[in-house]
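Asker: Structure provided below as C-alpha cells; questions to follow.
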Amino acid sequence: MPVKILMVCLGNICRSPLAEGILASKLPKDKFRVDSAGTGSWHVGRKPDDRSIIAAKKNKIDISSQKGRQFTTNDFETFDYIYVMDNSNYNDVISLSKNPEHRKKVQLILNELFPNENVDVPDPYFGLPNGFDNVYEMLDQACELIAKKLIAKHT
C-alpha cells in the first residue's frame with residue numbers, strides 16, 4: 001500500500017498544487033501518492049491558478065490536470081502525512097482533528113527548512129509577479145528534504 005501525503009493551503013489553486021506536483025516528481029510513484037486540498041471551498045473542481053501552472057512548467061512539472069478540492073475530516077484517515085502551507089491552514093486543519101493521532105500527522109511544510117520556526121509559505125495570489133517562482137523555490141527545497149526522509153523511511 002503506498003504512503004499517502006497531502007498538501008494543504010487555503011484555496012488549493014496556488015501553493016498546495018505546486019507542492020503536490022513538486023513532491024510527486026521526487027518520489028517513486030509505485031510507493032507514494034501525493035494529493036492536495038484547500039481549507040476553503042471556493043475553487044473546488046477548478047484547475048490550479050495559471051501562474052502556478054506556469055511556475056511548475058518552467059521546472060518541467062505538469063500540474064494542469066489537478067482539480068481543486070476541500071480538505072475533509074476523512075483526510076486524516078486517508079493520509080499518512082499532511083503538510084500545510086501556513087499557520088492559518090495549520091489551525092484550520094487542526095481544528096477538524098478528532099484525536100492526537102490526527103494532529104500528529106499535520107506539519108507546517110517550511111518547518112522542514114526552518115525547524116520549529118513555523119514560517120509561512122507566502123500566498124502568491126495577490127502578490128508580485130515573481131511570487132509564484134519564489135514560492136516554487138521554497139517548496140522545492142522543502143519537498144527535497146521531505147522526499148529524502150520519506151524514501152529513507154518507507155523504501
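Chain labels A, B, ... are given in the sequence in which chains occur in the C-alpha cells; within each chain residues are numbered consecutively from 1, and ligands are likewise numbered from 1 in the order shown.
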Would you kindly return, as a list in words, each protein, DNA or RNA residue with an atom no farther than 10 Å from any atom of Cys143 of chain A, considering only C-alpha atoms and excluding same-chain residues fewer than 3 positions away?

Answerer: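 Once the nearby chain positions are removed, what remains is Ala19, Glu20, Gly21, Ile22, Leu23, Ala24, Ser25, Lys26, Leu27, Ile109, Leu110, Glu112, Leu113, Glu137, Met138, Leu139, Asp140, Ile146, Ala147, Lys148 and Lys149 of chain A.
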
Asker: I'd like the neighbourhood of Asp62 of chain A as a CSV table (one decimal) with N, CA and C atoms, in the first residue's frame, where a residue qualifies if any of its atoms comes within 7 Å (using only C-alpha atoms), though same-chain residues fewer than 3 positions away should be ignored.

Answerer:
```
chain,number,residue,atom,x,y,z
A,53,ILE,N,0.6,26.9,-12.7
A,53,ILE,CA,0.9,26.0,-13.8
A,53,ILE,C,2.1,26.4,-14.5
A,56,ALA,N,5.3,25.8,-12.4
A,56,ALA,CA,5.7,24.4,-12.4
A,56,ALA,C,6.2,23.9,-13.8
A,57,LYS,N,5.6,24.4,-14.9
A,57,LYS,CA,6.0,24.1,-16.2
A,57,LYS,C,7.5,24.5,-16.5
```

Asker: What lies within 12 Å of Glu77 of chain A using only C-alpha atoms, ignoring chain neighbours under 3 positions off, as a VMD selection string?

Answerer: chain A and resid 4 to 6 71 to 74 80 to 82 97 to 99 101 to 103 105

Asker: Produce a file of the selected residues containing C-alpha atoms, as a PDB file, in the first residue's frame.

Answerer:
```
ATOM      1  CA  LYS A   4      -0.069   8.947   1.143  1.00  0.00           C
ATOM      2  CA  ILE A   5       0.899  12.600   1.538  1.00  0.00           C
ATOM      3  CA  LEU A   6      -1.494  15.567   1.417  1.00  0.00           C
ATOM      4  CA  PHE A  71      -9.965  19.259   2.998  1.00  0.00           C
ATOM      5  CA  THR A  72     -12.297  16.965   4.945  1.00  0.00           C
ATOM      6  CA  THR A  73     -12.050  15.096   8.234  1.00  0.00           C
ATOM      7  CA  ASN A  74     -11.767  11.858   6.190  1.00  0.00           C
ATOM      8  CA  ASP A  80      -0.180   9.365   6.456  1.00  0.00           C
ATOM      9  CA  TYR A  81       1.332  12.870   6.301  1.00  0.00           C
ATOM     10  CA  ILE A  82      -0.395  16.249   5.980  1.00  0.00           C
ATOM     11  CA  SER A  97      -8.885  16.798  14.022  1.00  0.00           C
ATOM     12  CA  LYS A  98     -10.553  14.367  16.379  1.00  0.00           C
ATOM     13  CA  ASN A  99      -7.604  12.903  18.252  1.00  0.00           C
ATOM     14  CA  GLU A 101      -3.079  10.693  16.115  1.00  0.00           C
ATOM     15  CA  HIS A 102      -4.696  13.039  13.607  1.00  0.00           C
ATOM     16  CA  ARG A 103      -2.871  16.081  14.972  1.00  0.00           C
ATOM     17  CA  LYS A 105       0.123  13.920  11.029  1.00  0.00           C
TER      18      LYS A 105
END
```

Asker: For segment 118-131 of chain A, work out the shell of residues within 10 Å, counting only C-alpha atoms and skipping chain neighbours fewer than 2 positions away, then give it as a ChimeraX atom specification.

Answerer: /A:9-11,13-15,49,51-52,55,84-90,107-116,133-139

Asker: Counting only C-alpha atoms, which residues of segment 10-73 of chain A sit at most 9 Å from some atom of segment 150-153 of chain A, and what is each one's closest atom pair with its distance in Å to one decimal, listed by chain and rising residue number, as CSV?

Answerer:
```
residue,atom,partner,partner_atom,distance
A:Leu27,CA,A:Ile151,CA,7.3
A:Pro28,CA,A:Ile151,CA,8.4
A:Lys31,CA,A:Ile151,CA,8.9
A:Phe32,CA,A:Leu150,CA,8.9
```

Asker: Could you give me, as a PyMOL selection string, the residues within 9 Å of Arg46 of chain A, counting only C-alpha atoms and dropping anything in the same chain fewer than 3 positions from it?

Answerer: chain A and resi 12-13+43+49+66-69

Asker: So which one's closest to Ser16 of chain A, A:Asp30, A:Asp75, A:Asp35, A:Asp50? Using only C-alpha atoms, please.

Answerer: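 Using only C-alpha atoms, Ser16 of chain A sits closest to A:Asp35.
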
Asker: Rounded to one decimal place, report the atom CA of Gly38 of chain A-atom CA of Tyr83 of chain A distance in Å.

Answerer: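 Computed distance, atom CA of Gly38 of chain A to atom CA of Tyr83 of chain A, equals 11.4 Å.
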